[in-house]
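Below is upload10.txt, holding compact mmCIF, C-alpha atoms.
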```
# COMPACT_ATOMS: atom_id res chain seq x y z
CA MET A 1 -22.13 -135.64 -124.57
CA ARG A 2 -22.78 -139.27 -125.47
CA LEU A 3 -20.10 -141.57 -124.12
CA LEU A 4 -18.87 -144.72 -125.82
CA THR A 5 -20.87 -147.64 -124.51
CA PHE A 6 -20.60 -151.29 -125.40
CA SER A 7 -23.77 -152.76 -123.99
CA ALA A 8 -26.40 -151.30 -126.30
CA ALA A 9 -26.15 -154.09 -128.88
CA PRO A 10 -26.65 -157.76 -127.99
CA ARG A 11 -23.41 -159.69 -127.64
CA GLU A 12 -24.26 -162.13 -130.41
CA THR A 13 -24.93 -159.27 -132.85
CA CYS A 14 -21.60 -157.61 -132.12
CA THR A 15 -19.74 -160.89 -132.44
CA ARG A 16 -21.43 -161.77 -135.71
CA ASP A 17 -20.61 -158.36 -137.18
CA ALA A 18 -17.00 -158.72 -136.13
CA VAL A 19 -16.71 -162.17 -137.69
CA ASN A 20 -18.22 -160.96 -140.94
CA LEU A 21 -15.74 -158.14 -141.09
CA VAL A 22 -12.84 -160.45 -140.33
CA HIS A 23 -13.59 -162.53 -143.39
CA SER A 24 -13.89 -159.58 -145.75
CA PRO A 25 -10.75 -158.48 -147.63
CA THR A 26 -10.67 -155.23 -145.69
CA GLY A 27 -12.00 -156.63 -142.46
CA LEU A 28 -11.32 -156.24 -138.77
CA GLN A 29 -7.90 -157.78 -138.55
CA ALA A 30 -7.77 -157.08 -134.81
CA SER A 31 -10.53 -159.63 -134.23
CA ARG A 32 -7.95 -162.29 -135.11
CA SER A 33 -5.71 -161.16 -132.25
CA ALA A 34 -5.67 -162.55 -128.72
CA TYR A 35 -4.97 -159.06 -127.37
CA PHE A 36 -8.42 -157.64 -128.10
CA ARG A 37 -11.78 -158.05 -126.40
CA GLU A 38 -15.26 -157.51 -127.68
CA GLU A 39 -15.32 -153.85 -126.65
CA HIS A 40 -12.23 -153.21 -128.77
CA ASP A 41 -13.88 -154.77 -131.82
CA MET A 42 -17.04 -152.76 -131.24
CA LEU A 43 -15.00 -149.57 -130.93
CA ARG A 44 -13.26 -150.43 -134.19
CA THR A 45 -16.63 -150.87 -135.90
CA GLN A 46 -17.83 -147.49 -134.61
CA VAL A 47 -14.71 -145.61 -135.63
CA ARG A 48 -14.62 -147.26 -139.05
CA ARG A 49 -18.26 -146.31 -139.64
CA PHE A 50 -17.53 -142.72 -138.68
CA VAL A 51 -14.53 -142.59 -141.04
CA GLU A 52 -16.52 -144.01 -143.95
CA GLN A 53 -19.49 -141.71 -143.44
CA GLU A 54 -18.02 -138.46 -142.14
CA VAL A 55 -14.35 -138.34 -143.11
CA LYS A 56 -13.74 -139.90 -146.51
CA PRO A 57 -16.44 -137.87 -148.32
CA HIS A 58 -14.93 -134.58 -147.06
CA GLY A 59 -11.24 -135.28 -146.51
CA ALA A 60 -10.14 -133.85 -149.87
CA ALA A 61 -11.77 -130.51 -149.04
CA TRP A 62 -9.96 -130.44 -145.69
CA GLU A 63 -6.69 -131.05 -147.51
CA GLU A 64 -7.34 -127.96 -149.64
CA GLN A 65 -8.28 -125.70 -146.73
CA GLY A 66 -5.43 -126.92 -144.53
CA PHE A 67 -7.32 -127.89 -141.38
CA VAL A 68 -10.06 -130.14 -140.03
CA PRO A 69 -13.26 -128.16 -139.31
CA ARG A 70 -14.05 -127.79 -135.63
CA PRO A 71 -17.58 -129.28 -135.93
CA VAL A 72 -16.00 -132.56 -137.06
CA LEU A 73 -13.88 -132.73 -133.92
CA GLN A 74 -16.85 -131.81 -131.77
CA ARG A 75 -18.82 -134.59 -133.41
CA MET A 76 -16.04 -137.00 -132.47
CA GLY A 77 -16.31 -135.69 -128.93
CA GLU A 78 -20.04 -136.37 -128.91
CA LEU A 79 -19.38 -139.93 -130.03
CA GLY A 80 -16.84 -140.45 -127.26
CA PHE A 81 -13.78 -140.80 -129.50
CA LEU A 82 -11.77 -138.00 -127.85
CA GLY A 83 -11.81 -139.41 -124.33
CA ILE A 84 -11.31 -143.12 -124.81
CA ARG A 85 -8.77 -143.55 -121.99
CA TYR A 86 -9.94 -140.78 -119.68
CA PRO A 87 -12.16 -141.31 -116.61
CA ALA A 88 -15.91 -141.12 -116.82
CA GLU A 89 -15.94 -138.27 -114.30
CA TYR A 90 -14.64 -135.99 -117.06
CA GLY A 91 -16.75 -137.55 -119.82
CA GLY A 92 -14.31 -140.27 -120.85
CA SER A 93 -14.76 -144.00 -121.41
CA ASP A 94 -12.18 -145.55 -119.05
CA LEU A 95 -10.68 -147.82 -121.71
CA ASP A 96 -7.04 -148.89 -122.17
CA THR A 97 -3.98 -148.47 -124.39
CA LEU A 98 -5.25 -151.13 -126.77
CA ALA A 99 -8.39 -149.05 -127.35
CA THR A 100 -6.20 -146.10 -128.30
CA VAL A 101 -4.39 -148.37 -130.77
CA VAL A 102 -7.73 -149.27 -132.33
CA LEU A 103 -8.58 -145.59 -132.74
CA ALA A 104 -5.18 -144.75 -134.23
CA GLU A 105 -5.19 -147.69 -136.62
CA GLU A 106 -8.66 -146.90 -137.94
CA LEU A 107 -7.90 -143.19 -138.35
CA GLY A 108 -4.77 -144.19 -140.26
CA ARG A 109 -6.89 -146.35 -142.54
CA SER A 110 -8.94 -143.28 -143.50
CA THR A 111 -6.23 -142.43 -146.11
CA PHE A 112 -6.29 -138.84 -144.76
CA SER A 113 -3.42 -138.82 -142.30
CA GLY A 114 -3.60 -135.07 -141.76
CA PHE A 115 -7.03 -135.65 -140.26
CA ALA A 116 -5.73 -138.60 -138.25
CA ILE A 117 -2.83 -136.72 -136.69
CA THR A 118 -5.05 -133.74 -135.85
CA VAL A 119 -7.16 -136.03 -133.71
CA LEU A 120 -4.34 -138.12 -132.23
CA VAL A 121 -2.24 -135.15 -131.15
CA HIS A 122 -5.28 -133.87 -129.30
CA THR A 123 -6.19 -137.21 -127.70
CA ASP A 124 -2.83 -138.86 -127.06
CA MET A 125 0.03 -136.40 -127.37
CA ALA A 126 -1.16 -133.10 -125.91
CA SER A 127 -4.17 -133.57 -123.63
CA VAL A 128 -2.30 -136.31 -121.74
CA HIS A 129 -0.08 -133.59 -120.27
CA VAL A 130 -3.17 -131.93 -118.82
CA PHE A 131 -4.47 -135.20 -117.42
CA ASN A 132 -1.20 -136.65 -116.16
CA GLY A 133 0.33 -133.44 -114.81
CA GLY A 134 -2.69 -131.34 -114.07
CA SER A 135 -3.93 -130.52 -110.60
CA PRO A 136 -7.50 -131.52 -109.70
CA ALA A 137 -8.56 -127.92 -110.37
CA GLN A 138 -6.83 -127.87 -113.76
CA LYS A 139 -8.41 -131.16 -114.79
CA ASP A 140 -11.84 -130.06 -113.61
CA LYS A 141 -11.46 -126.88 -115.62
CA TYR A 142 -10.14 -128.29 -118.89
CA MET A 143 -10.72 -132.03 -119.27
CA PRO A 144 -14.50 -131.99 -119.91
CA ASP A 145 -14.06 -129.48 -122.74
CA ILE A 146 -11.07 -131.38 -124.13
CA ILE A 147 -12.98 -134.67 -124.23
CA ALA A 148 -16.02 -132.99 -125.76
CA GLY A 149 -13.93 -131.34 -128.49
CA ARG A 150 -14.80 -127.86 -127.32
CA LYS A 151 -11.13 -127.10 -126.63
CA ILE A 152 -8.46 -128.51 -128.93
CA VAL A 153 -5.01 -129.03 -127.44
CA ALA A 154 -1.49 -128.72 -128.83
CA VAL A 155 1.84 -129.51 -127.22
CA GLY A 156 4.79 -127.16 -127.69
CA VAL A 157 8.11 -128.91 -127.22
CA THR A 158 9.95 -128.85 -130.57
CA GLU A 159 12.01 -125.74 -131.37
CA PRO A 160 14.12 -124.65 -134.33
CA GLY A 161 17.20 -126.03 -132.55
CA ALA A 162 15.72 -128.91 -130.56
CA GLY A 163 13.59 -131.79 -131.80
CA SER A 164 14.21 -135.29 -130.47
CA ASP A 165 16.89 -133.73 -128.21
CA VAL A 166 14.40 -132.33 -125.71
CA LYS A 167 17.04 -131.33 -123.14
CA ASN A 168 18.30 -128.62 -125.48
CA ILE A 169 15.14 -126.54 -125.69
CA ARG A 170 15.84 -122.85 -125.19
CA THR A 171 12.42 -121.42 -124.28
CA THR A 172 12.63 -120.00 -120.77
CA ALA A 173 10.16 -119.39 -117.97
CA ARG A 174 11.34 -116.69 -115.60
CA GLU A 175 9.59 -116.66 -112.24
CA GLU A 176 8.03 -113.38 -111.18
CA ALA A 177 5.57 -112.46 -108.48
CA GLY A 178 2.45 -114.57 -108.95
CA GLY A 179 3.61 -116.42 -112.04
CA PHE A 180 6.11 -116.90 -114.84
CA VAL A 181 7.20 -115.00 -117.94
CA LEU A 182 7.81 -117.21 -120.99
CA ASN A 183 10.14 -116.32 -123.84
CA GLY A 184 11.06 -118.43 -126.82
CA SER A 185 9.67 -120.06 -129.95
CA LYS A 186 8.23 -123.42 -130.96
CA THR A 187 7.95 -124.97 -134.40
CA PHE A 188 6.23 -127.87 -136.18
CA ILE A 189 3.37 -127.62 -133.68
CA THR A 190 0.36 -129.71 -134.76
CA ASN A 191 -2.97 -128.02 -133.96
CA GLY A 192 -0.91 -124.88 -133.44
CA VAL A 193 -2.93 -122.58 -135.68
CA TYR A 194 -6.46 -123.41 -134.55
CA GLY A 195 -5.81 -124.87 -131.11
CA ASP A 196 -7.28 -123.43 -127.93
CA LEU A 197 -4.90 -124.69 -125.26
CA TYR A 198 -1.13 -125.23 -125.46
CA CYS A 199 1.09 -127.33 -123.22
CA ILE A 200 4.40 -125.48 -123.44
CA ALA A 201 7.77 -126.82 -122.32
CA ALA A 202 10.15 -124.19 -120.95
CA LYS A 203 13.28 -124.06 -118.84
CA THR A 204 12.58 -122.80 -115.34
CA ASP A 205 16.20 -123.35 -114.27
CA PRO A 206 18.38 -122.62 -117.34
CA ASP A 207 21.61 -123.25 -115.44
CA GLY A 208 20.46 -126.46 -113.80
CA LYS A 209 20.85 -130.08 -114.84
CA PRO A 210 19.10 -130.35 -118.24
CA SER A 211 16.82 -133.21 -117.23
CA GLN A 212 15.68 -131.30 -114.13
CA SER A 213 15.35 -127.81 -115.55
CA ILE A 214 12.27 -128.13 -117.78
CA SER A 215 8.70 -127.46 -116.62
CA MET A 216 5.36 -127.60 -118.45
CA PHE A 217 2.89 -124.72 -118.61
CA LEU A 218 -0.66 -124.23 -119.83
CA VAL A 219 -1.03 -121.28 -122.20
CA GLU A 220 -4.44 -120.38 -123.57
CA LYS A 221 -5.02 -118.96 -127.03
CA GLY A 222 -5.18 -115.19 -126.74
CA ALA A 223 -2.76 -114.91 -123.84
CA LYS A 224 -0.80 -111.67 -123.99
CA GLY A 225 2.63 -112.22 -125.50
CA PHE A 226 1.63 -115.51 -127.17
CA THR A 227 1.27 -115.46 -130.95
CA VAL A 228 0.90 -117.88 -133.82
CA ALA A 229 3.74 -116.54 -135.95
CA ARG A 230 2.76 -118.44 -139.10
CA ALA A 231 1.06 -121.50 -140.45
CA LEU A 232 3.61 -123.89 -141.94
CA ASP A 233 3.31 -125.23 -145.48
CA LYS A 234 4.02 -128.97 -145.37
CA HIS A 235 4.92 -131.72 -147.83
CA GLY A 236 2.19 -133.97 -146.40
CA TRP A 237 -0.44 -134.04 -143.66
CA ARG A 238 -2.01 -131.14 -145.54
CA SER A 239 -5.27 -131.18 -143.56
CA SER A 240 -3.37 -130.86 -140.30
CA ASP A 241 -2.76 -127.26 -139.22
CA THR A 242 0.85 -126.82 -138.15
CA ALA A 243 2.31 -123.66 -136.69
CA GLU A 244 5.31 -121.75 -135.53
CA LEU A 245 4.65 -120.19 -132.13
CA VAL A 246 6.30 -117.23 -130.44
CA LEU A 247 6.24 -116.41 -126.74
CA GLU A 248 7.45 -112.90 -126.02
CA ASP A 249 7.16 -111.87 -122.38
CA CYS A 250 4.11 -114.12 -122.15
CA ARG A 251 2.89 -114.03 -118.58
CA VAL A 252 1.15 -117.05 -117.12
CA PRO A 253 -0.10 -117.38 -113.54
CA ALA A 254 1.67 -119.78 -111.20
CA GLU A 255 -1.36 -122.08 -111.19
CA ASN A 256 -0.80 -122.71 -114.91
CA MET A 257 2.27 -124.83 -114.24
CA LEU A 258 1.55 -128.46 -115.12
CA GLY A 259 2.94 -130.86 -112.55
CA LYS A 260 6.00 -130.20 -110.43
CA ARG A 261 8.64 -127.66 -111.28
CA GLY A 262 11.56 -129.26 -113.08
CA HIS A 263 9.64 -132.45 -113.93
CA GLY A 264 8.72 -131.46 -117.49
CA PHE A 265 11.45 -133.53 -119.13
CA TYR A 266 10.25 -136.68 -117.40
CA ALA A 267 6.64 -135.92 -118.34
CA ILE A 268 7.65 -135.54 -122.00
CA MET A 269 9.71 -138.74 -121.95
CA LYS A 270 6.90 -140.66 -120.29
CA ASN A 271 4.38 -139.58 -122.89
CA PHE A 272 6.75 -140.34 -125.75
CA GLN A 273 6.04 -144.02 -125.07
CA ASN A 274 2.32 -143.51 -125.60
CA GLU A 275 2.90 -141.22 -128.57
CA ARG A 276 5.14 -143.74 -130.32
CA ILE A 277 2.68 -146.60 -129.86
CA VAL A 278 -0.04 -144.41 -131.34
CA LEU A 279 2.12 -143.37 -134.29
CA GLY A 280 3.03 -147.00 -134.94
CA ALA A 281 -0.63 -148.00 -134.97
CA MET A 282 -1.48 -145.10 -137.26
CA ALA A 283 1.35 -146.10 -139.63
CA MET A 284 0.12 -149.69 -139.81
CA GLY A 285 -3.39 -148.44 -140.53
CA GLU A 286 -1.98 -146.35 -143.37
CA ALA A 287 0.02 -149.30 -144.72
CA GLN A 288 -2.98 -151.63 -144.58
CA ALA A 289 -5.15 -149.13 -146.46
CA ALA A 290 -2.44 -148.71 -149.10
CA ILE A 291 -2.22 -152.47 -149.64
CA GLU A 292 -6.00 -152.72 -149.95
CA LEU A 293 -6.15 -149.86 -152.48
CA THR A 294 -3.31 -151.37 -154.46
CA LEU A 295 -4.88 -154.82 -154.44
CA ASP A 296 -8.04 -153.32 -155.92
CA TRP A 297 -5.95 -151.55 -158.56
CA ILE A 298 -3.80 -154.47 -159.66
CA THR A 299 -6.76 -156.84 -159.95
CA GLN A 300 -8.36 -154.45 -162.45
CA ARG A 301 -5.41 -152.89 -164.26
CA LYS A 302 -4.40 -154.85 -167.36
CA THR A 303 -1.05 -154.76 -169.09
CA PHE A 304 0.32 -157.03 -171.80
CA GLY A 305 -2.96 -158.93 -171.88
CA THR A 306 -3.30 -159.82 -168.19
CA THR A 307 -4.03 -158.05 -164.92
CA LEU A 308 -1.12 -156.90 -162.82
CA PHE A 309 -2.18 -159.36 -160.13
CA GLU A 310 -1.47 -162.19 -162.55
CA LYS A 311 2.17 -161.07 -162.70
CA GLN A 312 3.95 -163.28 -160.20
CA ALA A 313 6.51 -160.63 -159.22
CA VAL A 314 3.79 -158.09 -158.44
CA ARG A 315 1.53 -160.30 -156.36
CA GLN A 316 4.40 -161.87 -154.45
CA ARG A 317 5.90 -158.51 -153.56
CA LEU A 318 2.52 -157.29 -152.35
CA ALA A 319 2.07 -160.51 -150.39
CA MET A 320 5.42 -160.02 -148.64
CA LEU A 321 4.54 -156.46 -147.77
CA ALA A 322 1.22 -157.67 -146.34
CA ALA A 323 3.12 -160.18 -144.20
CA ARG A 324 5.46 -157.49 -142.91
CA VAL A 325 2.56 -155.16 -142.12
CA GLU A 326 0.92 -157.96 -140.16
CA ALA A 327 4.18 -158.42 -138.24
CA GLY A 328 4.35 -154.68 -137.56
CA ARG A 329 0.75 -154.61 -136.42
CA GLN A 330 1.34 -157.46 -133.97
CA LEU A 331 4.43 -155.67 -132.62
CA VAL A 332 2.26 -152.60 -131.99
CA TYR A 333 -0.38 -154.72 -130.26
CA HIS A 334 2.20 -156.41 -128.07
CA ALA A 335 3.79 -153.12 -127.01
CA ALA A 336 0.35 -151.72 -126.19
CA TRP A 337 -0.51 -154.84 -124.18
CA LEU A 338 2.73 -154.52 -122.23
CA ASP A 339 1.75 -150.93 -121.44
CA THR A 340 -1.62 -152.10 -120.10
CA GLN A 341 0.28 -154.46 -117.80
CA GLY A 342 2.42 -151.64 -116.40
CA VAL A 343 5.59 -153.12 -117.88
CA ASP A 344 8.47 -150.90 -119.00
CA ALA A 345 8.20 -151.37 -122.75
CA THR A 346 10.71 -148.73 -123.86
CA ARG A 347 12.57 -151.26 -125.99
CA GLU A 348 9.44 -152.58 -127.70
CA VAL A 349 7.96 -149.12 -128.19
CA SER A 350 11.20 -147.87 -129.76
CA MET A 351 11.10 -150.90 -132.06
CA VAL A 352 7.53 -150.01 -132.98
CA LYS A 353 8.42 -146.45 -133.90
CA ALA A 354 11.51 -147.43 -135.91
CA TYR A 355 10.06 -150.46 -137.66
CA CYS A 356 6.61 -149.12 -138.47
CA GLY A 357 7.86 -145.68 -139.52
CA GLU A 358 10.23 -147.22 -142.05
CA LEU A 359 7.86 -149.97 -143.16
CA VAL A 360 4.97 -147.66 -144.02
CA ASN A 361 7.31 -145.78 -146.37
CA GLU A 362 8.44 -149.01 -148.04
CA VAL A 363 4.81 -149.99 -148.53
CA MET A 364 3.91 -146.62 -150.02
CA TYR A 365 6.88 -146.70 -152.39
CA ALA A 366 5.84 -150.10 -153.75
CA CYS A 367 2.17 -149.17 -153.95
CA VAL A 368 2.91 -146.00 -155.92
CA GLN A 369 5.06 -148.12 -158.25
CA PHE A 370 2.25 -150.62 -158.80
CA HIS A 371 -0.18 -147.78 -159.57
CA GLY A 372 2.14 -146.68 -162.38
CA GLY A 373 1.53 -143.20 -163.74
CA MET A 374 -1.72 -142.90 -161.79
CA GLY A 375 0.28 -143.22 -158.58
CA PHE A 376 2.00 -139.94 -159.44
CA MET A 377 -1.23 -138.01 -159.95
CA ARG A 378 -2.65 -135.75 -157.26
CA GLU A 379 -6.10 -137.19 -157.93
CA SER A 380 -4.87 -140.56 -156.65
CA ALA A 381 -5.25 -141.41 -152.97
CA ILE A 382 -1.99 -143.33 -153.01
CA GLU A 383 -0.05 -140.22 -154.07
CA ARG A 384 -1.36 -138.33 -151.06
CA MET A 385 -0.75 -141.27 -148.75
CA ALA A 386 2.87 -141.59 -149.90
CA ARG A 387 3.50 -137.93 -149.07
CA ASP A 388 1.80 -138.28 -145.71
CA ALA A 389 3.77 -141.36 -144.74
CA ARG A 390 7.19 -139.76 -145.15
CA VAL A 391 7.06 -138.00 -141.80
CA GLN A 392 6.40 -141.24 -139.93
CA ALA A 393 10.14 -141.90 -139.94
CA ILE A 394 10.80 -138.40 -138.56
CA GLY A 395 8.09 -137.13 -136.22
CA GLY A 396 7.78 -138.42 -132.66
CA GLY A 397 11.36 -139.66 -132.68
CA ALA A 398 13.43 -140.15 -135.82
CA THR A 399 14.27 -143.72 -136.81
CA GLU A 400 17.94 -143.22 -135.98
CA VAL A 401 17.11 -142.01 -132.46
CA MET A 402 14.77 -144.94 -131.93
CA LEU A 403 17.37 -147.46 -133.06
CA GLU A 404 19.80 -146.03 -130.52
CA GLU A 405 17.18 -146.59 -127.82
CA VAL A 406 16.82 -150.19 -128.96
CA ALA A 407 20.60 -150.68 -129.15
CA LYS A 408 21.02 -149.53 -125.54
CA ARG A 409 18.72 -152.34 -124.47
CA LEU A 410 20.16 -155.17 -126.53
CA ARG A 411 22.71 -156.14 -123.88
```
Would you mind writing the structure in this file as structure tokens?
Amino acid sequence: MRLLTFSAAPRETCTRDAVNLVHSPTGLQASRSAYFREEHDMLRTQVRRFVEQEVKPHGAAWEEQGFVPRPVLQRMGELGFLGIRYPAEYGGSDLDTLATVVLAEELGRSTFSGFAITVLVHTDMASVHVFNGGSPAQKDKYMPDIIAGRKIVAVGVTEPGAGSDVKNIRTTAREEAGGFVLNGSKTFITNGVYGDLYCIAAKTDPDGKPSQSISMFLVEKGAKGFTVARALDKHGWRSSDTAELVLEDCRVPAENMLGKRGHGFYAIMKNFQNERIVLGAMAMGEAQAAIELTLDWITQRKTFGTTLFEKQAVRQRLAMLAARVEAGRQLVYHAAWLDTQGVDATREVSMVKAYCGELVNEVMYACVQFHGGMGFMRESAIERMARDARVQAIGGGATEVMLEEVAKRLR
């Protein structure tokens, strides 16, 4: 596997490329930020090139088939995109939270958010449970294949009766000689249909204190008693496979427990911070792409003798949205920087998730409006993007839940 490296090109070449991109209408906005270093800009260039060459030409076909082909993910593994923050000993690149933000933002800009979330669940929402909670033996066994894209990971927390309220999950893990027996169901599980490895949350002590009764387990595809009940048909994120899972007397060996018994709730809460930063970055990438597409449209589309851009109300509304997206992007960057400093950024991260999840939907609504009838056609990228964006205010922590987290920290 070829790891991400940042020394192959001369420094002056990388800097010149970054500057050129900054001054283009769709350029590297991050290069204008004090938070990013040269390696972040180079990563952005690499990911953007991959998206342009290997995602955009094929994304529509993936939408139709309902999943991202495995060779595409393996190619991303070869390029080093699936192990950005993991150690080199497993094949990773040893980069930071800001690098993950770069990846998420650029995947969001692809206009195919089903593809983006397929990748980001694997890299930043599921595999982190293996890395953070896994024993040395577990990490040695799974992390190289995860980073290479040979094993795709899903995380099973959400249930029909428990979403943001993690403490109320009902899946159980009954201890028996040599292992545990899991029973329950999970829903809305990204990568659930075609995944290889599942990080499953289950109650090991159903009568105990809710925050101390949940443990995490590794379940491999094909395990007896574990089934993909059905693939779910979604409003958006059509190229992301999403499943309902059933565990019926599913036996897992004791060594498949991730981390300490009863610490699963804390592991989930800890990773929510990372997940919400990533989703915020993805949302701002989506919003930026929508503004760019709409700007192209309104500078060409004529009505009543002039282009739409020449209508003051249109261009000013788009300008205000661009300003708000820039503000959202900088909020994401700041939260990510705080994370790199080891600071508790729960307040800022909750702001990111609430603000960016709502903002991307406002942007999409306006951009569909400015596209007129074409914005309502399935052949239009903006129509797909508007459908995809809707879940940003729901998944990973609904806006209302996030605002409560912010409110707790206002005093």
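Among the candidates A:Met351, A:Val368, A:Val166, A:Leu247, the residue lying nearest to A:Glu404 is A:Met351 (atoms considered: all atoms listed in the file).
Comparing the minimum interatomic distances between A:Leu338 and each of A:Glu175, A:Asp41, A:Asp96, A:Glu64, counting all atoms listed in the file, we find that A:Asp96 sits nearest.
Nearest to A:Ala154 of all the residues A:Asn191, A:Glu39, A:Gly133, A:Ala173 is A:Asn191, based on only C-alpha atoms.
Across the structure, atom CA of A:Pro87 and atom CA of A:Val128 are spaced 12.2 Å apart.
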Set the distance at 8 Å and use all atoms listed in the file: which residues neighbour A:Gly280 once local chain neighbours fewer than 6 positions away are removed? I'd like the list as a PyMOL selection string. chain A and resi 332+352-353+356-357
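Take atom CA of A:Thr45 and atom CA of A:Met76: the distance between them is 14.3 Å.
Counting from atom CA of A:Gly149, the distance to atom CA of A:Leu73 is 5.6 Å.
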